[in-house]
Amino acid sequence: MSAAPLLTLDLRELRLGGTPILQPLQLAPPPRAWTAVVGPNGAGKSTMLRALSGLLPFDGTLTLQGRDWDQWPARERARQVAWLGQNEASADDLSALDVVLLGRLPHQAWLAPASAADHAAVERAMRQTQSWDWRARPLAQLSGGERQRVLLARALAVESPLLLMDEPLAHLDPPHQSDWIQIVRSRIADDGGTVVSVLHELNIALQADHLVVMDAGRIVHQGAPHDTATHAALQQVFQHRLSIFQVNERWIALNA
Ligand SMILES: Nc1ncnc2c1ncn2[C@@H]1O[C@H](COP(=O)(O)OP(=O)(O)OP(=O)(O)O)[C@@H](O)[C@H]1O
């Protein structure tokens with residue numbers, strides 16, 4: 001994999017229902033790294049991530065591995081980018097295993113059954129998120145956190161170089177939040193992956209490699225989570241209602 005960013009977004013404007021939601025912005029998440037997008041409610045984080053995932057039309061350009069997004073054959077592109085959305089609607093009647101198998105669709109020929117490789121990828125992903133034990137249970141019968149781990153497994157099962165996640169920690173308890181960080185780290189270290197996540201948990205976001213701070217439809221700052229300029233941007237967008245400290249070599253944010 002080259003050191004060039006896998007995705008580049010150059011957005012002039014994005015409107016929803018005629019309302020301008022995103023102002024001009026550029027984003028090229030660093031390769032082989034974890035980028036966290038943070039900012040107050042309504043800042044445009046989810047909208048930007050959906051634009052970056054090719055899920056929303058906008059005025060501007062999006063490239064994947066240097067090639068215009070629309071030039072990619074859909075199936076090939078679906079093998080490059082895995083997406084975990086916020087409050088995703090999914091087929092509740094399906095078993096957890098079948099939901100995760102959906103992540104393998106880009107690898108399968110039309111109407112072809114899942115291969116041994118598909119089943120192996122699914123088992124790997126479900127074991128990684130500790131959801132293998134519920135593989136036979138319908139999604140509807142799982143708790144919010146259990147369901148989120150199944151949906152995370154579905155995204156992991158794609159085995160794509162890019163992983164884009166909107167609030168992936170929703171419903172996860174602290175140990176499973178730590179597990180999520182480990183999964184992200186191993187994706188980057190073992191597979192050279194690139195991860196972009198929208199997060200509300202600032203203390204987790206401060207552990208990322210790169211922080212994107214948004215407010216009012218704009219990126220107001222991008223930088224390392226340990227930079228004082230990044231901390232100043234966080235203070236500003238959260239109206240100086242938090243303090244950022246270093247504890248045991250880790251940065252933490254506390255409500256003021
Ligand atoms: N379909 C829509 N039509 C008009 N405005 C919309 C639509 N969807 C979202 N918005 C507005 O776009 C803005 C950005 O929303 P977005 O969900 O991207 O913010 P966010 O930063 O992810 O927020 P949160 O932290 O609350 O999840 C919000 O003001 C929201 O009300």
# chains A, B, ... in the order shown; residues from 1 in each chain; ligands from 1

call {"tool": "residues_near_ligand", "arguments": {"ligand": "ligand 1", "cutoff": "9 Å", "atoms": "only C-alpha atoms and all ligand atoms", "output": "VMD selection string"}}
result
chain A and resid 15 to 22 38 to 50 86 166 to 167 198 to 200 214 to 217

call {"tool": "select_by_dssp", "arguments": {"residues": "range 81-157 of chain A", "states": "helix (DSSP H, G or I)", "output": "MDAnalysis selection string"}}
result
chainID A and resid 96:107 116:128 132:134 139:141 144:157

call {"tool": "residues_around", "arguments": {"residues": "Gln108 in chain A", "least_positions_apart": "2", "cutoff": "12 Å", "atoms": "only C-alpha atoms", "output": "tab-separated table (two decimals) with C-alpha atoms, in the first residue's frame"}}
result
chain	number	residue	atom	x	y	z
A	75	ARG	CA	-18.62	-4.31	-6.29
A	76	GLU	CA	-14.90	-3.57	-6.46
A	78	ALA	CA	-17.50	-2.18	-1.89
A	79	ARG	CA	-14.45	-4.38	-1.19
A	101	LEU	CA	-22.31	-12.72	6.21
A	102	LEU	CA	-23.81	-9.68	4.47
A	103	GLY	CA	-20.39	-8.08	4.88
A	104	ARG	CA	-19.03	-10.72	2.49
A	105	LEU	CA	-21.42	-9.89	-0.37
A	106	PRO	CA	-18.84	-7.77	-2.24
A	110	TRP	CA	-24.00	-12.98	-8.04
A	111	LEU	CA	-26.26	-15.54	-6.27
A	112	ALA	CA	-23.26	-17.70	-5.41
A	113	PRO	CA	-23.27	-19.30	-1.95
A	114	ALA	CA	-20.80	-18.14	0.67
A	115	SER	CA	-17.40	-19.82	0.30
A	116	ALA	CA	-15.21	-21.39	2.98
A	117	ALA	CA	-13.15	-18.16	2.91
A	118	ASP	CA	-16.33	-16.12	3.53
A	119	HIS	CA	-17.27	-18.31	6.50
A	158	VAL	CA	-15.56	-7.03	4.62

call {"tool": "closest_residue", "arguments": {"among": "A:Gln65, A:Gln207, A:Gln177, A:Gln246", "to": "Thr228 in chain A", "atoms": "only C-alpha atoms"}}
result
A:Gln246

call {"tool": "select_by_dssp", "arguments": {"residues": "range 167-242 of chain A", "states": "strand (DSSP E)", "output": "list in words"}}
result
Thr194, Val195, Val196, Ser197, Val198, His210, Leu211, Val212, Val213, Met214, Asp215, Arg218, Ile219, Val220, His221, Gln222, Gly223 and Leu242 of chain A

call {"tool": "write_last_selection", "arguments": {"atoms": "N, CA and C atoms", "output": "compact mmCIF listing (two decimals), in the first residue's frame"}}
result
# COMPACT_ATOMS: atom_id res chain seq x y z
N THR A 194 -6.90 1.79 7.22
CA THR A 194 -7.17 3.20 7.53
C THR A 194 -8.56 3.25 8.16
N VAL A 195 -8.65 3.88 9.33
CA VAL A 195 -9.91 3.90 10.07
C VAL A 195 -10.33 5.36 10.31
N VAL A 196 -11.60 5.64 10.03
CA VAL A 196 -12.16 6.97 10.35
C VAL A 196 -13.41 6.73 11.18
N SER A 197 -13.49 7.39 12.35
CA SER A 197 -14.67 7.19 13.19
C SER A 197 -15.17 8.53 13.70
N VAL A 198 -16.48 8.69 13.69
CA VAL A 198 -17.11 9.82 14.39
C VAL A 198 -17.33 9.36 15.82
N HIS A 210 -5.12 10.95 14.70
CA HIS A 210 -5.39 12.22 14.04
C HIS A 210 -6.79 12.65 14.46
N LEU A 211 -6.93 13.93 14.83
CA LEU A 211 -8.24 14.39 15.29
C LEU A 211 -8.75 15.47 14.35
N VAL A 212 -10.00 15.32 13.93
CA VAL A 212 -10.66 16.32 13.08
C VAL A 212 -11.75 16.96 13.93
N VAL A 213 -11.67 18.27 14.10
CA VAL A 213 -12.61 18.97 14.97
C VAL A 213 -13.57 19.77 14.07
N MET A 214 -14.87 19.50 14.23
CA MET A 214 -15.88 20.17 13.40
C MET A 214 -16.79 21.06 14.22
N ASP A 215 -17.31 22.08 13.57
CA ASP A 215 -18.32 22.94 14.18
C ASP A 215 -19.07 23.65 13.06
N ARG A 218 -18.27 22.92 9.36
CA ARG A 218 -16.90 23.12 8.87
C ARG A 218 -15.93 22.28 9.69
N ILE A 219 -14.76 22.01 9.06
CA ILE A 219 -13.64 21.48 9.85
C ILE A 219 -12.90 22.69 10.38
N VAL A 220 -12.87 22.85 11.70
CA VAL A 220 -12.20 24.04 12.25
C VAL A 220 -10.74 23.75 12.59
N HIS A 221 -10.39 22.46 12.73
CA HIS A 221 -8.99 22.12 13.04
C HIS A 221 -8.76 20.65 12.76
N GLN A 222 -7.54 20.33 12.31
CA GLN A 222 -7.11 18.92 12.22
C GLN A 222 -5.72 18.85 12.81
N GLY A 223 -5.43 17.84 13.60
CA GLY A 223 -4.09 17.75 14.15
C GLY A 223 -3.94 16.56 15.07
N LEU A 242 -15.09 22.27 28.87
CA LEU A 242 -14.31 21.09 29.25
C LEU A 242 -12.87 21.49 29.51

call {"tool": "residues_around", "arguments": {"residues": "Leu7 in chain A", "least_positions_apart": "5", "cutoff": "8 Å", "atoms": "only C-alpha atoms", "output": "PyMOL selection string"}}
result
chain A and resi 28-29+52+62-66

call {"tool": "write_last_selection", "arguments": {"atoms": "C-alpha atoms", "output": "PDB file, in the first residue's frame"}}
result
ATOM      1  CA  ALA A  28      -7.679  13.135   3.359  1.00  0.00           C
ATOM      2  CA  PRO A  29      -7.495  10.740   6.329  1.00  0.00           C
ATOM      3  CA  LEU A  52     -16.728  10.543   2.634  1.00  0.00           C
ATOM      4  CA  LEU A  62     -14.288  12.248  -3.793  1.00  0.00           C
ATOM      5  CA  THR A  63     -11.449   9.952  -4.808  1.00  0.00           C
ATOM      6  CA  LEU A  64     -10.642   6.408  -3.701  1.00  0.00           C
ATOM      7  CA  GLN A  65      -7.039   5.343  -4.288  1.00  0.00           C
ATOM      8  CA  GLY A  66      -6.605   8.347  -6.565  1.00  0.00           C
TER       9      GLY A  66
END

call {"tool": "residues_around", "arguments": {"residues": "Arg187 in chain A", "least_positions_apart": "4", "cutoff": "10 Å", "atoms": "only C-alpha atoms", "output": "NGL selection string"}}
result
:A and (32-34 or 156 or 159-163 or 181-183 or 191-195)

call {"tool": "closest_residue", "arguments": {"among": "A:Ala253, A:Asp179, A:Leu6, A:Arg149", "to": "Arg67 in chain A", "atoms": "only C-alpha atoms"}}
result
A:Leu6

call {"tool": "atom_distance", "arguments": {"atom1": "CA of Phe58 in chain A", "atom2": "CA of Leu164 in chain A"}}
result
18.2 Å
